[in-house]
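J.: Pasting run.cif here (mmCIF, C-alpha atoms):
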data_upload
loop_
_atom_site.group_PDB
_atom_site.id
_atom_site.type_symbol
_atom_site.label_atom_id
_atom_site.label_comp_id
_atom_site.auth_asym_id
_atom_site.auth_seq_id
_atom_site.Cartn_x
_atom_site.Cartn_y
_atom_site.Cartn_z
ATOM 1 C CA TYR A 197 70.017 234.944 111.473
ATOM 2 C CA LEU A 198 66.940 232.760 111.314
ATOM 3 C CA LYS A 199 67.306 229.159 112.462
ATOM 4 C CA MET A 200 64.965 226.479 111.175
ATOM 5 C CA ASP A 201 64.511 222.740 111.660
ATOM 6 C CA SER A 202 65.467 220.916 108.455
ATOM 7 C CA GLN A 203 62.093 219.121 108.488
ATOM 8 C CA LYS A 204 60.483 222.475 107.719
ATOM 9 C CA SER A 205 62.658 223.055 104.671
ATOM 10 C CA ARG A 206 60.729 223.696 101.448
ATOM 11 C CA GLY A 207 63.536 224.291 98.985
ATOM 12 C CA VAL A 208 65.345 227.365 97.755
ATOM 13 C CA GLY A 209 62.262 229.443 96.876
ATOM 14 C CA TYR A 210 60.974 229.188 100.440
ATOM 15 C CA ALA A 211 64.444 229.849 101.890
ATOM 16 C CA ARG A 212 65.029 232.965 99.799
ATOM 17 C CA LYS A 213 61.507 234.242 100.453
ATOM 18 C CA THR A 214 62.151 233.862 104.189
ATOM 19 C CA ALA A 215 65.483 235.699 103.901
ATOM 20 C CA MET A 216 63.942 238.434 101.751
ATOM 21 C CA GLU A 217 61.347 239.125 104.447
ATOM 22 C CA MET A 218 64.225 240.237 106.700
ATOM 23 C CA TYR A 219 64.877 243.215 104.403
ATOM 24 C CA ASP A 220 64.500 246.439 106.388
ATOM 25 C CA GLY A 221 64.610 249.388 104.006
ATOM 26 C CA GLN A 222 68.283 249.290 102.964
ATOM 27 C CA ASP A 223 69.266 251.079 99.731
ATOM 28 C CA PHE A 224 70.378 247.850 98.044
ATOM 29 C CA TYR A 225 69.485 244.169 98.130
ATOM 30 C CA PHE A 226 72.310 241.645 97.708
ATOM 31 C CA GLN A 227 71.433 237.940 97.543
ATOM 32 C CA ILE A 228 74.106 235.239 97.633
ATOM 33 C CA ASP A 229 74.386 231.672 98.902
ATOM 34 C CA SER A 230 76.068 230.904 102.215
ATOM 35 C CA HIS A 231 78.902 228.888 100.616
ATOM 36 C CA MET A 232 80.497 231.853 98.816
ATOM 37 C CA ARG A 233 83.799 233.726 98.723
ATOM 38 C CA MET A 234 84.049 237.378 97.683
ATOM 39 C CA ALA A 235 86.821 239.416 96.036
ATOM 40 C CA LYS A 236 88.384 242.267 97.946
ATOM 41 C CA GLY A 237 86.472 245.480 97.219
ATOM 42 C CA TRP A 238 83.454 243.622 95.800
ATOM 43 C CA ASP A 239 81.035 246.228 97.182
ATOM 44 C CA GLU A 240 82.733 249.198 95.526
ATOM 45 C CA SER A 241 83.045 247.280 92.250
ATOM 46 C CA LEU A 242 79.344 246.359 92.211
ATOM 47 C CA LEU A 243 78.309 249.944 92.933
ATOM 48 C CA GLU A 244 80.514 251.197 90.082
ATOM 49 C CA MET A 245 79.032 248.644 87.672
ATOM 50 C CA TYR A 246 75.551 249.520 88.876
ATOM 51 C CA SER A 247 76.050 253.240 88.181
ATOM 52 C CA PHE A 248 77.497 252.461 84.735
ATOM 53 C CA CYS A 249 74.476 250.291 83.826
ATOM 54 C CA GLN A 250 72.096 253.008 85.022
ATOM 55 C CA GLU A 251 73.752 255.500 82.682
ATOM 56 C CA ILE A 252 73.792 253.325 79.567
ATOM 57 C CA SER A 253 70.248 251.983 80.093
ATOM 58 C CA LYS A 254 68.724 255.290 81.268
ATOM 59 C CA SER A 255 67.053 253.363 84.080
ATOM 60 C CA GLU A 256 67.512 252.997 87.834
ATOM 61 C CA LYS A 257 66.037 249.485 87.829
ATOM 62 C CA ILE A 258 69.189 247.434 87.277
ATOM 63 C CA ILE A 259 69.910 243.841 88.315
ATOM 64 C CA LEU A 260 73.503 242.592 88.348
ATOM 65 C CA SER A 261 73.621 238.810 88.269
ATOM 66 C CA GLN A 262 75.697 235.939 86.881
ATOM 67 C CA PHE A 263 77.144 232.502 87.602
ATOM 68 C CA PRO A 264 79.834 232.994 90.268
ATOM 69 C CA ALA A 265 83.029 231.077 89.470
ATOM 70 C CA PRO A 266 83.660 227.760 91.285
ATOM 71 C CA TYR A 267 86.102 227.259 94.107
ATOM 72 C CA GLU A 268 87.140 224.041 95.870
ATOM 73 C CA VAL A 269 87.920 223.603 99.549
ATOM 74 C CA HIS A 270 90.985 221.439 100.229
ATOM 75 C CA THR A 271 91.138 219.097 103.191
ATOM 76 C CA ASN A 272 94.109 220.971 104.656
ATOM 77 C CA GLY A 273 91.967 224.075 105.106
ATOM 78 C CA SER A 274 93.198 226.024 102.077
ATOM 79 C CA VAL A 275 90.875 227.265 99.358
ATOM 80 C CA PHE A 276 91.457 226.484 95.665
ATOM 81 C CA TYR A 277 90.662 229.229 93.119
ATOM 82 C CA PRO A 278 91.551 227.682 89.773
ATOM 83 C CA LYS A 279 92.771 229.587 86.728
ATOM 84 C CA ASN A 280 92.226 228.387 83.134
ATOM 85 C CA HIS A 281 90.747 225.108 84.375
ATOM 86 C CA GLU A 282 88.431 223.181 82.003
ATOM 87 C CA GLU A 283 85.752 222.446 84.629
ATOM 88 C CA LEU A 284 86.519 225.084 87.253
ATOM 89 C CA TRP A 285 86.258 228.125 84.974
ATOM 90 C CA ASP A 286 87.038 231.660 86.150
ATOM 91 C CA ARG A 287 85.916 233.963 83.310
ATOM 92 C CA PRO A 288 82.880 236.303 83.761
ATOM 93 C CA SER A 289 79.857 235.312 81.681
ATOM 94 C CA TRP A 290 76.319 236.367 80.846
ATOM 95 C CA SER A 291 73.456 233.842 80.962
ATOM 96 C CA LYS A 292 71.225 232.369 78.279
ATOM 97 C CA VAL A 293 67.925 230.624 79.108
ATOM 98 C CA HIS A 294 68.122 226.850 78.771
ATOM 99 C CA TYR A 295 65.790 223.878 79.367
ATOM 100 C CA ARG A 296 67.794 220.945 80.701
ATOM 101 C CA ASP A 297 67.450 217.484 79.184
ATOM 102 C CA SER A 298 66.868 216.111 82.679
ATOM 103 C CA GLY A 299 63.958 218.538 83.060
ATOM 104 C CA GLY A 300 63.696 222.059 84.418
ATOM 105 C CA TRP A 301 64.536 225.588 83.330
ATOM 106 C CA SER A 302 68.114 226.660 83.889
ATOM 107 C CA ALA A 303 70.782 228.850 82.283
ATOM 108 C CA MET A 304 73.912 228.439 80.184
ATOM 109 C CA ARG A 305 77.042 230.546 80.575
ATOM 110 C CA GLN A 306 77.956 232.677 77.566
ATOM 111 C CA ASP A 307 81.383 234.285 77.236
ATOM 112 C CA ILE A 308 81.570 238.057 77.671
ATOM 113 C CA LYS A 309 83.832 239.040 74.797
ATOM 114 C CA ASP A 310 84.230 242.709 75.791
ATOM 115 C CA LEU A 311 85.232 242.699 79.471
ATOM 116 C CA SER A 312 85.465 246.497 79.626
ATOM 117 C CA LYS A 313 81.803 246.820 80.699
ATOM 118 C CA PRO A 314 78.884 244.777 82.101
ATOM 119 C CA HIS A 315 76.996 242.701 79.535
ATOM 120 C CA PRO A 316 73.186 242.468 79.074
ATOM 121 C CA SER A 317 71.953 239.088 80.293
ATOM 122 C CA HIS A 318 68.816 237.028 79.641
ATOM 123 C CA THR A 319 68.109 235.619 83.079
ATOM 124 C CA ILE A 320 68.903 235.927 86.769
ATOM 125 C CA LEU A 321 71.270 233.688 88.720
ATOM 126 C CA ALA A 322 69.681 233.771 92.151
ATOM 127 C CA GLY A 323 72.851 232.823 94.029
ATOM 128 C CA TYR A 324 74.363 236.166 93.013
ATOM 129 C CA LEU A 325 71.861 238.995 92.645
ATOM 130 C CA PHE A 326 72.452 242.707 93.306
ATOM 131 C CA ALA A 327 69.669 245.285 92.912
ATOM 132 C CA LEU A 328 68.005 248.303 94.458
ATOM 133 C CA GLY A 329 66.163 247.592 97.700
ATOM 134 C CA SER A 330 62.873 248.288 95.901
ATOM 135 C CA PHE A 331 63.376 244.977 94.067
ATOM 136 C CA VAL A 332 62.212 243.253 97.278
ATOM 137 C CA GLU A 333 58.843 245.014 97.131
ATOM 138 C CA GLU A 334 58.336 244.773 93.362
ATOM 139 C CA VAL A 335 59.502 241.179 92.787
ATOM 140 C CA PRO A 336 59.106 239.269 96.081
ATOM 141 C CA TYR A 337 60.069 235.598 96.140
ATOM 142 C CA ASP A 338 57.517 232.911 95.280
ATOM 143 C CA GLU A 339 57.839 230.173 97.896
ATOM 144 C CA ARG A 340 55.827 227.738 95.751
ATOM 145 C CA ILE A 341 58.806 227.275 93.415
ATOM 146 C CA SER A 342 61.068 224.750 95.074
ATOM 147 C CA PHE A 343 64.274 224.678 92.984
ATOM 148 C CA MET A 344 64.813 224.316 89.224
ATOM 149 C CA GLY A 345 63.114 227.105 87.249
ATOM 150 C CA GLU A 346 62.951 229.617 90.079
ATOM 151 C CA GLU A 347 65.440 231.957 88.388
ATOM 152 C CA LEU A 348 63.665 232.193 85.025
ATOM 153 C CA CYS A 349 60.330 232.995 86.684
ATOM 154 C CA LEU A 350 62.053 235.677 88.752
ATOM 155 C CA ALA A 351 63.682 237.112 85.613
ATOM 156 C CA VAL A 352 60.407 237.217 83.658
ATOM 157 C CA ARG A 353 58.579 238.878 86.540
ATOM 158 C CA ALA A 354 61.379 241.435 86.959
ATOM 159 C CA TYR A 355 61.811 242.204 83.244
ATOM 160 C CA THR A 356 58.088 242.759 82.729
ATOM 161 C CA ARG A 357 58.190 245.282 85.586
ATOM 162 C CA GLY A 358 60.924 247.320 83.934
ATOM 163 C CA TRP A 359 64.061 245.780 85.469
ATOM 164 C CA LYS A 360 67.102 245.334 83.207
ATOM 165 C CA ILE A 361 69.501 242.424 83.782
ATOM 166 C CA TYR A 362 73.275 242.776 83.369
ATOM 167 C CA ALA A 363 76.185 240.431 84.054
ATOM 168 C CA PRO A 364 79.219 241.876 85.912
ATOM 169 C CA ASN A 365 82.350 242.157 83.766
ATOM 170 C CA LYS A 366 84.635 241.263 86.702
ATOM 171 C CA MET A 367 84.562 238.054 88.719
ATOM 172 C CA LEU A 368 83.744 239.178 92.245
ATOM 173 C CA ALA A 369 82.193 236.026 93.715
ATOM 174 C CA TRP A 370 83.120 232.328 93.934
ATOM 175 C CA HIS A 371 80.725 229.508 94.726
ATOM 176 C CA TYR A 372 81.310 226.081 96.301
ATOM 177 C CA TYR A 373 79.097 224.172 93.862
ATOM 178 C CA LYS A 374 78.988 220.438 94.508
ATOM 179 C CA ARG A 375 79.382 220.127 98.302
ATOM 180 C CA LYS A 376 79.133 216.342 98.039
ATOM 181 C CA ARG A 377 79.269 215.773 101.798
ATOM 182 C CA SER A 378 76.612 218.374 102.620
ATOM 183 C CA PRO A 379 72.951 217.312 103.038
ATOM 184 C CA LYS A 380 70.545 218.587 100.377
ATOM 185 C CA VAL A 381 66.821 219.214 100.617
ATOM 186 C CA TRP A 382 66.205 216.305 98.180
ATOM 187 C CA ASN A 383 68.392 213.895 100.163
ATOM 188 C CA GLN A 384 66.351 210.760 100.884
ATOM 189 C CA VAL A 385 67.320 210.527 104.564
ATOM 190 C CA GLU A 386 66.319 214.172 105.116
ATOM 191 C CA ASP A 387 63.120 213.625 103.170
ATOM 192 C CA LEU A 388 61.875 210.685 105.251
ATOM 193 C CA SER A 389 60.823 212.887 108.164
ATOM 194 C CA ARG A 390 59.341 215.675 106.027
ATOM 195 C CA PRO A 391 55.494 215.839 105.743
ATOM 196 C CA LEU A 392 55.634 217.078 102.132
ATOM 197 C CA LYS A 393 58.103 215.011 100.117
ATOM 198 C CA TRP A 394 60.617 216.605 97.766
ATOM 199 C CA ILE A 395 59.278 215.055 94.570
ATOM 200 C CA GLU A 396 55.777 216.337 95.439
ATOM 201 C CA MET A 397 57.142 219.847 96.004
ATOM 202 C CA GLU A 398 59.052 219.753 92.726
ATOM 203 C CA MET A 399 56.101 218.529 90.662
ATOM 204 C CA GLN A 400 53.820 221.191 92.182
ATOM 205 C CA SER A 401 56.544 223.737 91.487
ATOM 206 C CA LYS A 402 56.595 222.849 87.786
ATOM 207 C CA LYS A 403 52.861 223.550 87.515
ATOM 208 C CA VAL A 404 53.305 226.974 89.127
ATOM 209 C CA GLN A 405 56.211 227.785 86.785
ATOM 210 C CA LYS A 406 54.187 226.835 83.735
ATOM 211 C CA ASN A 407 51.347 229.183 84.717
ATOM 212 C CA ILE A 408 53.779 232.054 85.320
ATOM 213 C CA LEU A 409 55.683 231.567 82.069
ATOM 214 C CA LEU A 410 52.471 231.248 80.046
ATOM 215 C CA GLY A 411 51.200 234.507 81.556
ATOM 216 C CA LEU A 412 48.280 232.764 83.307
ATOM 217 C CA GLU A 413 49.348 233.655 86.858
ATOM 218 C CA LYS A 414 47.829 236.929 88.022
ATOM 219 C CA GLY A 415 49.020 239.531 90.520
ATOM 220 C CA THR A 416 52.380 239.859 92.245
ATOM 221 C CA PHE A 417 53.699 236.450 91.171
ATOM 222 C CA GLY A 418 52.628 236.786 87.552
ATOM 223 C CA ILE A 419 54.018 238.890 84.720
ATOM 224 C CA GLY A 420 53.812 242.700 84.763
ATOM 225 C CA ASN A 421 53.517 244.506 81.421
ATOM 226 C CA HIS A 422 52.278 242.287 78.560
ATOM 227 C CA GLU A 423 54.281 244.088 75.870
ATOM 228 C CA LYS A 424 57.460 243.540 77.870
ATOM 229 C CA TYR A 425 56.443 239.864 78.241
ATOM 230 C CA ILE A 426 56.422 239.556 74.423
ATOM 231 C CA GLU A 427 59.672 241.551 74.238
ATOM 232 C CA TYR A 428 61.352 239.213 76.733
ATOM 233 C CA GLN A 429 60.427 236.111 74.727
ATOM 234 C CA ASP A 430 61.772 237.743 71.558
ATOM 235 C CA MET A 431 65.014 238.589 73.386
ATOM 236 C CA ILE A 432 65.636 235.026 74.642
ATOM 237 C CA GLY A 433 64.341 233.369 71.459
ATOM 238 C CA ILE A 434 61.770 231.197 73.234
ATOM 239 C CA ASN A 435 58.006 231.368 72.821
ATOM 240 C CA PHE A 436 56.642 229.860 76.028
ATOM 241 C CA ALA A 437 53.252 228.955 74.547
ATOM 242 C CA ASN A 438 54.937 227.054 71.701
ATOM 243 C CA PHE A 439 57.377 225.409 74.115
ATOM 244 C CA TYR A 440 54.672 224.048 76.407
ATOM 245 C CA GLU A 441 52.454 223.085 73.481
ATOM 246 C CA ASN A 442 55.084 221.309 71.396
ATOM 247 C CA GLU A 443 58.717 221.208 72.500
ATOM 248 C CA ILE A 444 58.281 220.036 76.082
ATOM 249 C CA ASN A 445 56.495 216.902 74.880
ATOM 250 C CA LYS A 446 59.806 215.661 73.480
ATOM 251 C CA LYS A 447 61.359 215.774 76.951
ATOM 252 C CA VAL A 448 58.597 215.392 79.514
ATOM 253 C CA ASN A 449 58.566 211.589 79.789
ATOM 254 C CA SER A 450 62.294 211.295 80.416
ATOM 255 C CA SER A 451 62.346 214.462 82.548
ATOM 256 C CA VAL A 452 59.988 213.285 85.280
ATOM 257 C CA ARG A 453 61.665 209.892 85.511
ATOM 258 C CA SER A 454 65.150 211.474 85.565
ATOM 259 C CA GLN A 455 64.119 213.893 88.288
ATOM 260 C CA GLU A 456 62.753 211.108 90.472
ATOM 261 C CA LEU A 457 66.042 209.262 90.162
ATOM 262 C CA LEU A 458 68.114 212.399 90.587
ATOM 263 C CA PHE A 459 66.312 213.775 93.614
#
Take the structure from the file and write it as structure tokens.
T.:
Amino acid sequence: YLKMDSQKSRGVGYARKTAMEMYDGQDFYFQIDSHMRMAKGWDESLLEMYSFCQEISKSEKIILSQFPAPYEVHTNGSVFYPKNHEELWDRPSWSKVHYRDSGGWSAMRQDIKDLSKPHPSHTILAGYLFALGSFVEEVPYDERISFMGEELCLAVRAYTRGWKIYAPNKMLAWHYYKRKRSPKVWNQVEDLSRPLKWIEMEMQSKKVQKNILLGLEKGTFGIGNHEKYIEYQDMIGINFANFYENEINKKVNSSVRSQELLF
């Protein structure tokens, strides 16, 4: 455990970087959020999926990651795991890269049609990430990225260093998504006492993300192999240079304003 005053909070990138630094040579690295529930036997299931992905990809550098399904906590202390619910879905999915209308890189769930095996995925969902322990040394967290967009940058950095991303074909984790009564790092009351305000962190974060995705960032926090960088863009169907030159201009004015209101 590492306790920290909320005034020192710098968003999810800083939090996960701090947690990652507690890694101590274990065989595997498993990253989840605190507000999670796990299926019985989740560890054995993940190891089985991991071995399967190693065999079919002919690589040891596998990442298992996806959107965990939602769960709701009832006031009487019971936990609600919905089935066939329109909003609270429960089916395993792989993830497609997506730029939100409100601004920021994110991901969209895509149905896994063949649930007999893990499915290749385009990006990482950082609230559910399973990999070899060496992932910590090869793709350490970038604390400069505060929230939205963190996962895509992590995925690009990992992919260009030879890591392959798969989505589990069984739902093993559930996430308490909205947590309306819980304080968030962008909450105005929390932000009043913080030296660096949330909106400043988020705007700085967007500049860092842009440099990483355009291949301008050098070293550990930049891309690895350039050919794999081109290959990744072909796979997801997004050319980052074209996006930042042309497509983002359609959204940027509304995005910044929306984010100020949202955060």
J.: Select, from A:Gly329, A:Pro336, A:Gly237, A:Pro314, the residue with the minimum atom-to-atom distance to Tyr210 (chain A), counting only C-alpha atoms.
T.: A:Pro336
J.: For a quick check of understanding, using only C-alpha atoms, which of A:Gly207, A:Phe436, A:Ser330, A:Lys199 has the smallest distance to Asn383 (chain A)?
T.: A:Gly207
J.: What are the closest atom pairs, with distances in Å to one decimal, for all residues of region 264-301 of chain A lying within 10 Å of region 402-408 of chain A? Consider only C-alpha atoms, order rows by chain and residue number, and present the result as CSV.
T.:
residue,atom,partner,partner_atom,distance
A:Gly299,CA,A:Lys402,CA,9.8
A:Gly300,CA,A:Lys402,CA,7.9
A:Trp301,CA,A:Gln405,CA,9.3
J.: Can you spell out as a PyMOL selection string the set of residues that the PyMOL selection byres ((chain A and resi 325) around 7) selects in the structure I just provided?
T.: chain A and resi 226-228+259-261+321-324+326-327
J.: Which residue gives the smallest distance to Asn435 (chain A) among A:Met200, A:Ile341, A:Ser241, A:Val293, with only C-alpha atoms counted?
T.: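 Using only C-alpha atoms, the shortest distance to Asn435 (chain A) belongs to A:Val293.
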J.: Give me the residues of region 307-375 of chain A that have any atom at most 7 Å from an atom of region 413-426 of chain A; for each, the nearest atom pair and the distance in Å, rounded to one decimal. Use only C-alpha atoms, sort by chain and number, and format it as a Markdown table.
T.:
| residue | atom | partner | partner_atom | distance |
| --- | --- | --- | --- | --- |
| A:Asp338 | CA | A:Phe417 | CA | 6.6 |
| A:Val352 | CA | A:Ile419 | CA | 6.7 |
| A:Arg353 | CA | A:Ile419 | CA | 4.9 |
| A:Thr356 | CA | A:Gly420 | CA | 4.7 |
| A:Arg357 | CA | A:Gly420 | CA | 5.1 |
J.: Evaluating the PyMOL selection byres ((chain A and resi 312) around 9) on the displayed file yields which residues, as a list of chain:residue names?
T.: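 With the PyMOL selection byres ((chain A and resi 312) around 9) on this model, the match is A:Asp310, A:Leu311, A:Lys313, A:Pro314, A:Asn365, A:Lys366.
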J.: Using only C-alpha atoms, which protein or nucleic acid residues come within 12 Å of Gln400 (chain A)? Drop anything in the same chain fewer than 6 positions from it, and give the result as a PDB file with C-alpha atoms, keeping the file's coordinate frame.
T.:
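Full text of selection_9.pdb as output:
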ATOM      1  CA  ARG A 206      60.729 223.696 101.448  1.00  0.00           C
ATOM      2  CA  GLU A 339      57.839 230.173  97.896  1.00  0.00           C
ATOM      3  CA  ARG A 340      55.827 227.738  95.751  1.00  0.00           C
ATOM      4  CA  ILE A 341      58.806 227.275  93.415  1.00  0.00           C
ATOM      5  CA  SER A 342      61.068 224.750  95.074  1.00  0.00           C
ATOM      6  CA  PHE A 343      64.274 224.678  92.984  1.00  0.00           C
ATOM      7  CA  MET A 344      64.813 224.316  89.224  1.00  0.00           C
ATOM      8  CA  LEU A 392      55.634 217.078 102.132  1.00  0.00           C
ATOM      9  CA  LYS A 393      58.103 215.011 100.117  1.00  0.00           C
ATOM     10  CA  TRP A 394      60.617 216.605  97.766  1.00  0.00           C
ATOM     11  CA  LYS A 406      54.187 226.835  83.735  1.00  0.00           C
ATOM     12  CA  ASN A 407      51.347 229.183  84.717  1.00  0.00           C
TER      13      ASN A 407
END
J.: Hey, can you check how far CA of Lys204 (chain A) sits from CA of Asp229 (chain A)?
T.: 18.9 Å
J.: Carefully work through the PyMOL selection byres ((chain A and resi 262-269) around 8) for this structure and note down the residues it includes, as a ChimeraX atom specification.
T.: /A:260-261,270-271,273-278,284-291,305,320-321,323-325,363-364,367-373
J.: Just the number, please: distance in Å from CA of Tyr428 (chain A) to CA of His318 (chain A), one decimal.
T.: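 These two atoms are separated by 8.3 Å.
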J.: Nearest residue to Gln222 (chain A) out of A:Tyr246, A:Glu333, A:Glu427, A:Asn438, using all atoms listed in the file?
T.: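 Nearest to Gln222 (chain A): A:Glu333.
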J.: Between A:Arg390, A:Glu398, A:Ser255, A:Leu243, which residue has the minimum interatomic distance to Asp223 (chain A), considering all atoms listed in the file?
T.: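 Closest to Asp223 (chain A) of all the choices is A:Leu243.
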J.: Between CA of Leu412 (chain A) and CA of Ala354 (chain A), what is the distance, to one decimal in Å?
T.: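 According to the coordinates, CA of Leu412 (chain A) and CA of Ala354 (chain A) are separated by 16.1 Å.
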